[in-house]
Amino acid sequence: MELEQYFAVIRKWLWLIVACVLVAAVSSYLGTLQMPRIYQAATTVMVGRVLEQPNPSTQDLFLSQQLAQTYADMVRRRPILEGVAEALGLDYVPSAANVSARQVPGTQLLEIAVRDTQPERARAIADIIAYQLILQSPTEAGEERQRRAFVQTQLENLESRIQETQDEIDEGQAMLESANSARAIQQYQANIAALQMKLSNYQSTYASLALTTQGGGVNYISVIEPATTPTVPISPRVGETVMLASAIGLILAVGGAFLIEYLDDTIKTPDDVTRTANLPTLAGIARIEGETYPEKLITVRHPLSPIVETYRLLRTNLQFSSVDKPVHTLVVTSPGPTEGKSVTLANLAVVMAQSGLKVVAVDADLRRPALHKIFSLPNSHGLSDAILQPNPPVGEHLQATEVENLWVLVSGPLPPDAAGLLGSERMGAIIEELKGQMDMVLLDSPPSLVVADAVILGTRVDGVLLVNDVGHTRRSEARQGAEEFRRVRANLLGVVLNRLSRHRGGYYHQSEDDQRKKRRRWRSWPGRGLRR
């Protein structure tokens, strides 16, 4: 399939694609309006006090990260969630599905996220979960907290004593430098030595206490960033949902359109005719408005219609289809019934007669004749009488029409053996006799795949014209119909695509009814004056 054919399929099914996208978008939008709004709050905690140490070790960092992973798993455990329900006075235990914990990669930070339909409740649950983790860790043990407070007090006292002792040493050193007697110098030196020993004891005690404050700091949880009340819901995301639904609708519609085209094996374009039957398309006839047969005779009813120009084009193409051997006798048939062969023959006969040719339209469909209905003629006698009763001659059975130079030989009474009559020598003589009297003999025959009548007639005429109904004639039928005539070596001239719509391959011509409707809509359009 070429790129142009892909675009043709999209243009054909554009209404379906647009409808599917609109339905998907509107449905998803209305659906999201009915969905509850979900809010998410997050609390960030840090496991360990490694950052507070001046020289943290790699082991401390590793242990803190491992503990963070453990606490991340504990967040969704039932003891933690039951503690949250008890602390907040909830009559239910929060679902673990609405709680998640994520360790920030490469750090000791743990992010606890809670989803809830109420933003305030989501924030409270997130904070309480962090508090429950702290309760589950050694962070808030009473003895440890008192011990740490006592050590901190002692450290502060030691800092002041160390500073005071250092000042006394500096003062004694100054007095030693200004001493004049040996006794005074000896006294000052002894005092300075005692102060230095005292300072050394203070510093040693301070270092020991400082180390005790660092002990147990790895398994310690502290809140870094408390949760805030969310203002924007995280679900449903209306814009993203509508866009996703529209995209899915678009994909499904386009896929469905191509699937329909793939499964649709009917003739739709001249390219289909060429690929299937290896025949040229001589004309594409638009759908003719009307319910009854006489209304289908558009070449008489609306001679200025653009559709009539298509029939004139068909007449010209037939004249040039066999330049070396002009066509004077022509069978018009179709692979199946109700494909428009009789209407095509009748309108073609009219335009040929209007060009000055003497034309006779023969209704050789002795099973379901239609030409007498199209031209509003009686069917009391006709072709069947001419075959069974050589006298009077066939000319006596011709009926004139309102179109100059056009006669019709209707079917007459329907015989029990139509194929036998059409294959008789008398039928061949009738065709030759009409050929001698007229410039063009057009024979309407039954469908070629239903009965053998059309194939029999195809061996007796100069050419065969096939009519394919767009969207109705299957490719297999078109191929088989052409092969039936090739098997008997009939002269296949081409195919007429019948009942084309306005979107078919450029062959469409508007009828006068369509033009009148458009003019009527244009006159009633409110913006017509403004556009002028």
# chains A, B, ... in the order shown; residues from 1 in each chain; ligands from 1
>>> select_by_dssp(residues="stretch 21-54 of chain A", states="helix (DSSP H, G or I)", output="list in words")
Val21, Leu22, Val23, Ala24, Ala25, Val26, Ser27, Ser28, Tyr29, Leu30, Gly31, Thr32, Leu33, Gln34, Val50, Leu51 and Glu52 of chain A
>>> write_last_selection(atoms="all heavy atoms", output="short mmCIF file (atom, residue, chain, number, x, y, z; two decimals), in the first residue's frame")
data_model
loop_
_atom_site.label_atom_id
_atom_site.label_comp_id
_atom_site.auth_asym_id
_atom_site.auth_seq_id
_atom_site.Cartn_x
_atom_site.Cartn_y
_atom_site.Cartn_z
N VAL A 21 -12.10 9.78 18.94
CA VAL A 21 -11.28 10.64 19.80
C VAL A 21 -12.16 11.49 20.71
O VAL A 21 -11.89 11.63 21.91
CB VAL A 21 -10.36 11.53 18.93
CG1 VAL A 21 -9.65 12.57 19.78
CG2 VAL A 21 -9.33 10.68 18.21
N LEU A 22 -13.23 12.05 20.15
CA LEU A 22 -14.13 12.88 20.97
C LEU A 22 -14.82 12.05 22.05
O LEU A 22 -14.92 12.48 23.20
CB LEU A 22 -15.17 13.55 20.07
CG LEU A 22 -14.64 14.67 19.16
CD1 LEU A 22 -15.77 15.21 18.29
CD2 LEU A 22 -14.03 15.79 19.98
N VAL A 23 -15.28 10.86 21.68
CA VAL A 23 -15.95 10.00 22.67
C VAL A 23 -14.99 9.62 23.78
O VAL A 23 -15.32 9.65 24.97
CB VAL A 23 -16.53 8.76 21.98
CG1 VAL A 23 -16.99 7.73 23.01
CG2 VAL A 23 -17.69 9.14 21.08
N ALA A 24 -13.76 9.26 23.40
CA ALA A 24 -12.77 8.88 24.41
C ALA A 24 -12.43 10.05 25.31
O ALA A 24 -12.32 9.90 26.54
CB ALA A 24 -11.51 8.34 23.72
N ALA A 25 -12.24 11.25 24.72
CA ALA A 25 -11.89 12.42 25.52
C ALA A 25 -13.02 12.81 26.47
O ALA A 25 -12.79 13.05 27.66
CB ALA A 25 -11.53 13.59 24.59
N VAL A 26 -14.23 12.88 25.94
CA VAL A 26 -15.37 13.28 26.79
C VAL A 26 -15.63 12.24 27.87
O VAL A 26 -15.89 12.58 29.04
CB VAL A 26 -16.62 13.51 25.91
CG1 VAL A 26 -17.84 13.76 26.79
CG2 VAL A 26 -16.40 14.68 24.97
N SER A 27 -15.57 10.97 27.50
CA SER A 27 -15.83 9.91 28.48
C SER A 27 -14.79 9.93 29.60
O SER A 27 -15.13 9.80 30.78
CB SER A 27 -15.83 8.54 27.80
OG SER A 27 -16.83 8.49 26.79
N SER A 28 -13.52 10.08 29.22
CA SER A 28 -12.47 10.11 30.25
C SER A 28 -12.61 11.35 31.13
O SER A 28 -12.39 11.28 32.35
CB SER A 28 -11.09 10.09 29.59
OG SER A 28 -10.92 11.22 28.75
N TYR A 29 -12.99 12.48 30.54
CA TYR A 29 -13.16 13.69 31.34
C TYR A 29 -14.32 13.54 32.32
O TYR A 29 -14.18 13.88 33.51
CB TYR A 29 -13.41 14.89 30.41
CG TYR A 29 -13.66 16.18 31.15
CD1 TYR A 29 -12.62 16.85 31.78
CD2 TYR A 29 -14.94 16.72 31.24
CE1 TYR A 29 -12.84 18.03 32.47
CE2 TYR A 29 -15.17 17.90 31.92
CZ TYR A 29 -14.11 18.55 32.54
OH TYR A 29 -14.35 19.72 33.23
N LEU A 30 -15.44 13.03 31.84
CA LEU A 30 -16.58 12.83 32.75
C LEU A 30 -16.25 11.78 33.81
O LEU A 30 -16.70 11.88 34.96
CB LEU A 30 -17.81 12.40 31.94
CG LEU A 30 -18.36 13.44 30.96
CD1 LEU A 30 -19.54 12.88 30.18
CD2 LEU A 30 -18.76 14.73 31.68
N GLY A 31 -15.47 10.77 33.42
CA GLY A 31 -15.10 9.75 34.38
C GLY A 31 -14.19 10.28 35.47
O GLY A 31 -14.35 9.95 36.65
N THR A 32 -13.24 11.14 35.10
CA THR A 32 -12.34 11.71 36.11
C THR A 32 -13.08 12.66 37.05
O THR A 32 -12.67 12.82 38.20
CB THR A 32 -11.19 12.46 35.42
OG1 THR A 32 -11.73 13.42 34.48
CG2 THR A 32 -10.28 11.51 34.68
N LEU A 33 -14.14 13.30 36.55
CA LEU A 33 -14.91 14.17 37.44
C LEU A 33 -15.58 13.38 38.55
O LEU A 33 -15.82 13.92 39.64
CB LEU A 33 -15.97 14.94 36.63
CG LEU A 33 -15.45 15.99 35.64
CD1 LEU A 33 -16.62 16.67 34.95
CD2 LEU A 33 -14.58 17.02 36.34
N GLN A 34 -15.91 12.12 38.30
CA GLN A 34 -16.57 11.30 39.30
C GLN A 34 -15.59 10.65 40.27
O GLN A 34 -16.00 10.14 41.31
CB GLN A 34 -17.40 10.21 38.60
CG GLN A 34 -18.41 10.72 37.60
CD GLN A 34 -19.45 11.63 38.23
OE1 GLN A 34 -19.88 11.37 39.36
NE2 GLN A 34 -19.86 12.67 37.52
N VAL A 50 25.62 10.61 61.33
CA VAL A 50 26.94 10.63 60.69
C VAL A 50 27.33 12.03 60.26
O VAL A 50 28.49 12.43 60.34
CB VAL A 50 26.95 9.66 59.49
CG1 VAL A 50 28.30 9.67 58.80
CG2 VAL A 50 26.61 8.25 59.95
N LEU A 51 26.35 12.83 59.83
CA LEU A 51 26.66 14.18 59.37
C LEU A 51 27.13 15.08 60.51
O LEU A 51 27.81 16.09 60.27
CB LEU A 51 25.43 14.79 58.70
CG LEU A 51 24.98 14.13 57.39
CD1 LEU A 51 23.75 14.84 56.86
CD2 LEU A 51 26.08 14.15 56.35
N GLU A 52 26.80 14.74 61.75
CA GLU A 52 27.21 15.56 62.87
C GLU A 52 28.65 15.26 63.29
O GLU A 52 29.24 16.01 64.08
CB GLU A 52 26.27 15.33 64.06
CG GLU A 52 24.82 15.71 63.76
CD GLU A 52 23.92 15.43 64.93
OE1 GLU A 52 24.46 15.08 66.02
OE2 GLU A 52 22.69 15.57 64.78
#
>>> residues_around(residues="stretch 466-468 of chain A", least_positions_apart="6", cutoff="8 Å", atoms="only C-alpha atoms", output="mmCIF file with N, CA, C and O atoms, in the first residue's frame")
data_model
loop_
_atom_site.group_PDB
_atom_site.id
_atom_site.type_symbol
_atom_site.label_atom_id
_atom_site.label_comp_id
_atom_site.auth_asym_id
_atom_site.auth_seq_id
_atom_site.Cartn_x
_atom_site.Cartn_y
_atom_site.Cartn_z
ATOM 1 N N ILE A 267 -14.314 -3.866 -4.525
ATOM 2 C CA ILE A 267 -13.705 -2.924 -5.467
ATOM 3 C C ILE A 267 -14.084 -1.509 -5.056
ATOM 4 O O ILE A 267 -15.263 -1.203 -4.866
ATOM 5 N N VAL A 332 -23.130 -5.516 -22.090
ATOM 6 C CA VAL A 332 -22.905 -4.860 -20.802
ATOM 7 C C VAL A 332 -23.407 -5.796 -19.718
ATOM 8 O O VAL A 332 -24.588 -6.173 -19.706
ATOM 9 N N THR A 333 -22.511 -6.196 -18.834
ATOM 10 C CA THR A 333 -22.873 -7.142 -17.783
ATOM 11 C C THR A 333 -22.094 -6.809 -16.516
ATOM 12 O O THR A 333 -21.301 -5.859 -16.491
ATOM 13 N N SER A 334 -22.328 -7.611 -15.488
ATOM 14 C CA SER A 334 -21.644 -7.425 -14.205
ATOM 15 C C SER A 334 -21.456 -8.794 -13.571
ATOM 16 O O SER A 334 -22.163 -9.747 -13.915
ATOM 17 N N PRO A 335 -20.517 -8.919 -12.632
ATOM 18 C CA PRO A 335 -20.320 -10.232 -12.002
ATOM 19 C C PRO A 335 -21.532 -10.697 -11.214
ATOM 20 O O PRO A 335 -21.857 -11.886 -11.214
ATOM 21 N N GLU A 339 -25.922 -4.540 -9.602
ATOM 22 C CA GLU A 339 -24.713 -3.712 -9.650
ATOM 23 C C GLU A 339 -24.858 -2.532 -10.598
ATOM 24 O O GLU A 339 -23.906 -1.758 -10.765
ATOM 25 N N GLY A 340 -26.019 -2.387 -11.238
ATOM 26 C CA GLY A 340 -26.293 -1.212 -12.063
ATOM 27 C C GLY A 340 -25.972 -1.370 -13.527
ATOM 28 O O GLY A 340 -25.844 -0.372 -14.241
ATOM 29 N N LYS A 341 -25.902 -2.597 -14.043
ATOM 30 C CA LYS A 341 -25.552 -2.781 -15.446
ATOM 31 C C LYS A 341 -26.655 -2.276 -16.383
ATOM 32 O O LYS A 341 -26.357 -1.667 -17.420
ATOM 33 N N THR A 344 -26.664 1.498 -16.451
ATOM 34 C CA THR A 344 -25.478 1.949 -17.184
ATOM 35 C C THR A 344 -25.691 1.806 -18.682
ATOM 36 O O THR A 344 -25.374 2.718 -19.460
ATOM 37 N N ALA A 478 -14.902 -9.892 -9.153
ATOM 38 C CA ALA A 478 -14.437 -9.143 -10.326
ATOM 39 C C ALA A 478 -13.388 -9.933 -11.097
ATOM 40 O O ALA A 478 -13.389 -9.962 -12.339
ATOM 41 N N LEU A 492 -12.657 -8.232 -23.874
ATOM 42 C CA LEU A 492 -12.960 -7.418 -22.704
ATOM 43 C C LEU A 492 -12.412 -6.009 -22.918
ATOM 44 O O LEU A 492 -11.198 -5.818 -23.077
ATOM 45 N N GLY A 494 -13.131 -3.165 -20.825
ATOM 46 C CA GLY A 494 -12.798 -2.459 -19.591
ATOM 47 C C GLY A 494 -13.924 -2.565 -18.583
ATOM 48 O O GLY A 494 -14.864 -3.355 -18.732
ATOM 49 N N VAL A 495 -13.801 -1.732 -17.562
ATOM 50 C CA VAL A 495 -14.718 -1.770 -16.424
ATOM 51 C C VAL A 495 -15.281 -0.382 -16.182
ATOM 52 O O VAL A 495 -14.587 0.623 -16.351
ATOM 53 N N VAL A 496 -16.543 -0.344 -15.799
ATOM 54 C CA VAL A 496 -17.189 0.888 -15.339
ATOM 55 C C VAL A 496 -17.403 0.766 -13.834
ATOM 56 O O VAL A 496 -18.026 -0.194 -13.365
ATOM 57 N N LEU A 497 -16.853 1.721 -13.076
ATOM 58 C CA LEU A 497 -17.096 1.767 -11.634
ATOM 59 C C LEU A 497 -18.401 2.510 -11.394
ATOM 60 O O LEU A 497 -18.511 3.692 -11.716
ATOM 61 N N ASN A 498 -19.359 1.817 -10.820
ATOM 62 C CA ASN A 498 -20.685 2.393 -10.637
ATOM 63 C C ASN A 498 -20.918 2.766 -9.182
ATOM 64 O O ASN A 498 -20.365 2.170 -8.267
#
>>> atom_distance(atom1="atom CA of A:Ser95", atom2="atom CA of A:Gln66")
25.4 Å
>>> closest_residue(among="A:Leu366, A:Ala361, A:Leu348, A:Ala277", to="A:Leu493", atoms="only C-alpha atoms")
A:Ala277
>>> residues_around(residues="A:Val232", least_positions_apart="2", cutoff="12 Å", atoms="only C-alpha atoms", output="mmCIF file with all heavy atoms, in the first residue's frame")
data_model
loop_
_atom_site.group_PDB
_atom_site.id
_atom_site.type_symbol
_atom_site.label_atom_id
_atom_site.label_comp_id
_atom_site.auth_asym_id
_atom_site.auth_seq_id
_atom_site.Cartn_x
_atom_site.Cartn_y
_atom_site.Cartn_z
ATOM 1 N N ARG A 37 -10.574 12.812 44.628
ATOM 2 C CA ARG A 37 -9.255 13.437 44.511
ATOM 3 C C ARG A 37 -8.317 12.839 45.562
ATOM 4 O O ARG A 37 -8.666 12.758 46.745
ATOM 5 C CB ARG A 37 -9.343 14.944 44.708
ATOM 6 C CG ARG A 37 -9.662 15.808 43.489
ATOM 7 C CD ARG A 37 -10.304 15.117 42.396
ATOM 8 N NE ARG A 37 -10.497 15.939 41.196
ATOM 9 C CZ ARG A 37 -11.184 15.533 40.174
ATOM 10 N NH1 ARG A 37 -11.730 14.343 40.188
ATOM 11 N NH2 ARG A 37 -11.329 16.283 39.104
ATOM 12 N N ILE A 38 -7.146 12.425 45.133
ATOM 13 C CA ILE A 38 -6.158 11.821 46.018
ATOM 14 C C ILE A 38 -5.020 12.820 46.235
ATOM 15 O O ILE A 38 -4.462 13.349 45.268
ATOM 16 C CB ILE A 38 -5.604 10.510 45.434
ATOM 17 C CG1 ILE A 38 -6.753 9.545 45.107
ATOM 18 C CG2 ILE A 38 -4.629 9.868 46.410
ATOM 19 C CD1 ILE A 38 -7.580 9.143 46.291
ATOM 20 N N TYR A 39 -4.682 13.074 47.508
ATOM 21 C CA TYR A 39 -3.594 13.987 47.862
ATOM 22 C C TYR A 39 -2.454 13.180 48.477
ATOM 23 O O TYR A 39 -2.667 12.124 49.074
ATOM 24 C CB TYR A 39 -4.085 15.037 48.861
ATOM 25 C CG TYR A 39 -5.164 15.938 48.312
ATOM 26 C CD1 TYR A 39 -6.510 15.566 48.393
ATOM 27 C CD2 TYR A 39 -4.850 17.147 47.705
ATOM 28 C CE1 TYR A 39 -7.498 16.379 47.882
ATOM 29 C CE2 TYR A 39 -5.839 17.968 47.195
ATOM 30 C CZ TYR A 39 -7.171 17.575 47.282
ATOM 31 O OH TYR A 39 -8.154 18.386 46.779
ATOM 32 N N GLN A 40 -1.247 13.711 48.345
ATOM 33 C CA GLN A 40 -0.067 13.030 48.875
ATOM 34 C C GLN A 40 0.773 13.995 49.687
ATOM 35 O O GLN A 40 1.061 15.115 49.242
ATOM 36 C CB GLN A 40 0.777 12.432 47.745
ATOM 37 C CG GLN A 40 2.052 11.761 48.223
ATOM 38 C CD GLN A 40 2.766 11.020 47.113
ATOM 39 O OE1 GLN A 40 2.244 10.042 46.577
ATOM 40 N NE2 GLN A 40 3.948 11.486 46.762
ATOM 41 N N ALA A 41 1.138 13.554 50.904
ATOM 42 C CA ALA A 41 2.030 14.327 51.778
ATOM 43 C C ALA A 41 3.246 13.461 52.078
ATOM 44 O O ALA A 41 3.150 12.234 52.159
ATOM 45 C CB ALA A 41 1.309 14.713 53.063
ATOM 46 N N THR A 117 -7.592 10.871 50.686
ATOM 47 C CA THR A 117 -8.568 11.750 50.034
ATOM 48 C C THR A 117 -8.670 13.106 50.724
ATOM 49 O O THR A 117 -9.222 14.039 50.147
ATOM 50 C CB THR A 117 -9.952 11.077 50.021
ATOM 51 O OG1 THR A 117 -10.315 10.723 51.361
ATOM 52 C CG2 THR A 117 -9.932 9.822 49.158
ATOM 53 N N GLN A 118 -8.157 13.218 51.973
ATOM 54 C CA GLN A 118 -8.166 14.490 52.702
ATOM 55 C C GLN A 118 -6.724 14.964 52.888
ATOM 56 O O GLN A 118 -5.908 14.234 53.467
ATOM 57 C CB GLN A 118 -8.851 14.332 54.061
ATOM 58 C CG GLN A 118 -10.307 13.938 53.970
ATOM 59 C CD GLN A 118 -10.968 13.828 55.329
ATOM 60 O OE1 GLN A 118 -10.400 14.243 56.347
ATOM 61 N NE2 GLN A 118 -12.175 13.261 55.357
ATOM 62 N N PRO A 119 -6.397 16.147 52.402
ATOM 63 C CA PRO A 119 -5.005 16.603 52.478
ATOM 64 C C PRO A 119 -4.490 16.724 53.910
ATOM 65 O O PRO A 119 -3.343 16.377 54.189
ATOM 66 C CB PRO A 119 -5.037 17.957 51.755
ATOM 67 C CG PRO A 119 -6.464 18.372 51.743
ATOM 68 C CD PRO A 119 -7.267 17.122 51.729
ATOM 69 N N THR A 228 3.978 18.798 54.676
ATOM 70 C CA THR A 228 3.153 19.993 54.501
ATOM 71 C C THR A 228 1.815 19.574 53.908
ATOM 72 O O THR A 228 1.696 18.527 53.256
ATOM 73 C CB THR A 228 3.835 21.002 53.571
ATOM 74 O OG1 THR A 228 4.081 20.371 52.300
ATOM 75 C CG2 THR A 228 5.156 21.490 54.157
ATOM 76 N N THR A 229 0.825 20.379 54.137
ATOM 77 C CA THR A 229 -0.512 20.065 53.633
ATOM 78 C C THR A 229 -0.546 20.239 52.115
ATOM 79 O O THR A 229 -0.308 21.340 51.607
ATOM 80 C CB THR A 229 -1.558 20.975 54.278
ATOM 81 O OG1 THR A 229 -1.488 20.832 55.694
ATOM 82 C CG2 THR A 229 -2.951 20.608 53.794
ATOM 83 N N PRO A 230 -0.813 19.184 51.352
ATOM 84 C CA PRO A 230 -0.859 19.313 49.879
ATOM 85 C C PRO A 230 -2.070 20.115 49.441
ATOM 86 O O PRO A 230 -3.138 20.061 50.069
ATOM 87 C CB PRO A 230 -0.927 17.865 49.400
ATOM 88 C CG PRO A 230 -1.557 17.121 50.531
ATOM 89 C CD PRO A 230 -1.095 17.804 51.790
ATOM 90 N N ILE A 234 -2.760 14.543 43.400
ATOM 91 C CA ILE A 234 -1.894 13.805 42.471
ATOM 92 C C ILE A 234 -2.698 12.885 41.560
ATOM 93 O O ILE A 234 -2.187 12.391 40.553
ATOM 94 C CB ILE A 234 -0.857 12.982 43.241
ATOM 95 C CG1 ILE A 234 -1.554 11.931 44.107
ATOM 96 C CG2 ILE A 234 0.030 13.867 44.086
ATOM 97 C CD1 ILE A 234 -0.608 10.900 44.705
ATOM 98 N N SER A 235 -3.944 12.631 41.933
ATOM 99 C CA SER A 235 -4.806 11.772 41.129
ATOM 100 C C SER A 235 -6.269 12.162 41.388
ATOM 101 O O SER A 235 -6.628 12.502 42.522
ATOM 102 C CB SER A 235 -4.573 10.302 41.491
ATOM 103 O OG SER A 235 -5.460 9.462 40.805
ATOM 104 N N PRO A 236 -7.098 12.129 40.348
ATOM 105 C CA PRO A 236 -6.762 11.862 38.949
ATOM 106 C C PRO A 236 -6.179 13.101 38.260
ATOM 107 O O PRO A 236 -6.552 14.230 38.578
ATOM 108 C CB PRO A 236 -8.107 11.500 38.330
ATOM 109 C CG PRO A 236 -9.099 12.267 39.149
ATOM 110 C CD PRO A 236 -8.552 12.320 40.546
ATOM 111 N N ARG A 237 -5.273 12.872 37.338
ATOM 112 C CA ARG A 237 -4.703 13.954 36.537
ATOM 113 C C ARG A 237 -5.561 14.118 35.289
ATOM 114 O O ARG A 237 -5.427 13.358 34.324
ATOM 115 C CB ARG A 237 -3.260 13.648 36.193
ATOM 116 C CG ARG A 237 -2.365 13.521 37.435
ATOM 117 C CD ARG A 237 -0.939 13.212 37.062
ATOM 118 N NE ARG A 237 -0.092 13.105 38.258
ATOM 119 C CZ ARG A 237 1.200 12.812 38.235
ATOM 120 N NH1 ARG A 237 1.794 12.585 37.074
ATOM 121 N NH2 ARG A 237 1.887 12.736 39.356
#
>>> residues_around(residues="A:Ser411", least_positions_apart="5", cutoff="6 Å", atoms="only C-alpha atoms", output="list in words")
Asp363, Leu366, Gly382 and Leu383 of chain A
>>> write_last_selection(atoms="N, CA, C and O atoms", output="mmCIF file, in the first residue's frame")
data_model
loop_
_atom_site.group_PDB
_atom_site.id
_atom_site.type_symbol
_atom_site.label_atom_id
_atom_site.label_comp_id
_atom_site.auth_asym_id
_atom_site.auth_seq_id
_atom_site.Cartn_x
_atom_site.Cartn_y
_atom_site.Cartn_z
ATOM 1 N N ASP A 363 -32.590 -5.975 -24.599
ATOM 2 C CA ASP A 363 -32.675 -6.556 -23.263
ATOM 3 C C ASP A 363 -32.537 -8.066 -23.388
ATOM 4 O O ASP A 363 -33.521 -8.797 -23.560
ATOM 5 N N LEU A 366 -33.076 -12.453 -20.128
ATOM 6 C CA LEU A 366 -34.357 -13.148 -20.212
ATOM 7 C C LEU A 366 -34.756 -13.771 -18.883
ATOM 8 O O LEU A 366 -35.596 -14.690 -18.849
ATOM 9 N N GLY A 382 -41.033 -9.217 -27.704
ATOM 10 C CA GLY A 382 -39.679 -8.684 -27.784
ATOM 11 C C GLY A 382 -38.694 -9.716 -28.266
ATOM 12 O O GLY A 382 -38.972 -10.476 -29.204
ATOM 13 N N LEU A 383 -37.532 -9.822 -27.592
ATOM 14 C CA LEU A 383 -36.440 -10.673 -28.071
ATOM 15 C C LEU A 383 -36.824 -12.135 -28.083
ATOM 16 O O LEU A 383 -36.502 -12.860 -29.046
#
>>> residues_around(residues="A:Leu109", least_positions_apart="4", cutoff="9 Å", atoms="only C-alpha atoms", output="JSON, numbers by chain")
{"A": [44, 45, 46, 47, 65, 68, 102, 103, 104, 105, 224]}
>>> residues_around(residues="A:Ala349", least_positions_apart="5", cutoff="8 Å", atoms="only C-alpha atoms", output="JSON, numbers by chain")
{"A": [359, 360, 361, 406, 442]}
>>> write_last_selection(atoms="N, CA, C and O atoms", output="PDB file, in the first residue's frame")
ATOM      1  N   VAL A 359     -28.823   3.678 -32.507  1.00  0.00           N
ATOM      2  CA  VAL A 359     -28.522   2.750 -31.406  1.00  0.00           C
ATOM      3  C   VAL A 359     -29.770   1.936 -31.099  1.00  0.00           C
ATOM      4  O   VAL A 359     -30.895   2.454 -31.096  1.00  0.00           O
ATOM      5  N   VAL A 360     -29.544   0.661 -30.800  1.00  0.00           N
ATOM      6  CA  VAL A 360     -30.606  -0.199 -30.314  1.00  0.00           C
ATOM      7  C   VAL A 360     -30.129  -0.839 -29.009  1.00  0.00           C
ATOM      8  O   VAL A 360     -29.012  -1.353 -28.924  1.00  0.00           O
ATOM      9  N   ALA A 361     -30.954  -0.767 -27.991  1.00  0.00           N
ATOM     10  CA  ALA A 361     -30.670  -1.388 -26.703  1.00  0.00           C
ATOM     11  C   ALA A 361     -31.479  -2.667 -26.616  1.00  0.00           C
ATOM     12  O   ALA A 361     -32.713  -2.631 -26.651  1.00  0.00           O
ATOM     13  N   LEU A 406     -32.773   6.244 -31.035  1.00  0.00           N
ATOM     14  CA  LEU A 406     -32.631   5.178 -30.042  1.00  0.00           C
ATOM     15  C   LEU A 406     -33.887   4.304 -30.063  1.00  0.00           C
ATOM     16  O   LEU A 406     -35.007   4.802 -29.924  1.00  0.00           O
ATOM     17  N   LEU A 442     -26.346  -2.533 -28.270  1.00  0.00           N
ATOM     18  CA  LEU A 442     -25.985  -2.733 -26.867  1.00  0.00           C
ATOM     19  C   LEU A 442     -26.888  -3.813 -26.283  1.00  0.00           C
ATOM     20  O   LEU A 442     -28.124  -3.706 -26.348  1.00  0.00           O
TER      21      LEU A 442
END
>>> residues_around(residues="A:Gly423", least_positions_apart="3", cutoff="10 Å", atoms="only C-alpha atoms", output="PyMOL selection string")
chain A and resi 418-420+426-428+452-453+455-457+459-460
>>> closest_residue(among="A:Val464, A:Ala126, A:Ala182, A:Ile374", to="A:Val114", atoms="only C-alpha atoms")
A:Ala126
>>> closest_residue(among="A:Leu244, A:Ile128, A:Leu313, A:Ile285", to="A:Pro226", atoms="only C-alpha atoms")
A:Ile128
>>> closest_residue(among="A:Val75, A:Val351, A:Ile17, A:Val151", to="A:Asn405", atoms="only C-alpha atoms")
A:Val351
>>> select_by_dssp(residues="stretch 386-476 of chain A", states="strand (DSSP E or B)", output="list of chain:residue names")
A:Gln399, A:Ala400, A:Leu406, A:Trp407, A:Val408, A:Leu409, A:Met440, A:Val441, A:Leu442, A:Leu443, A:Asp444, A:Gly463, A:Val464, A:Leu465, A:Leu466, A:Val467, A:Asn468, A:Asp469, A:Arg474
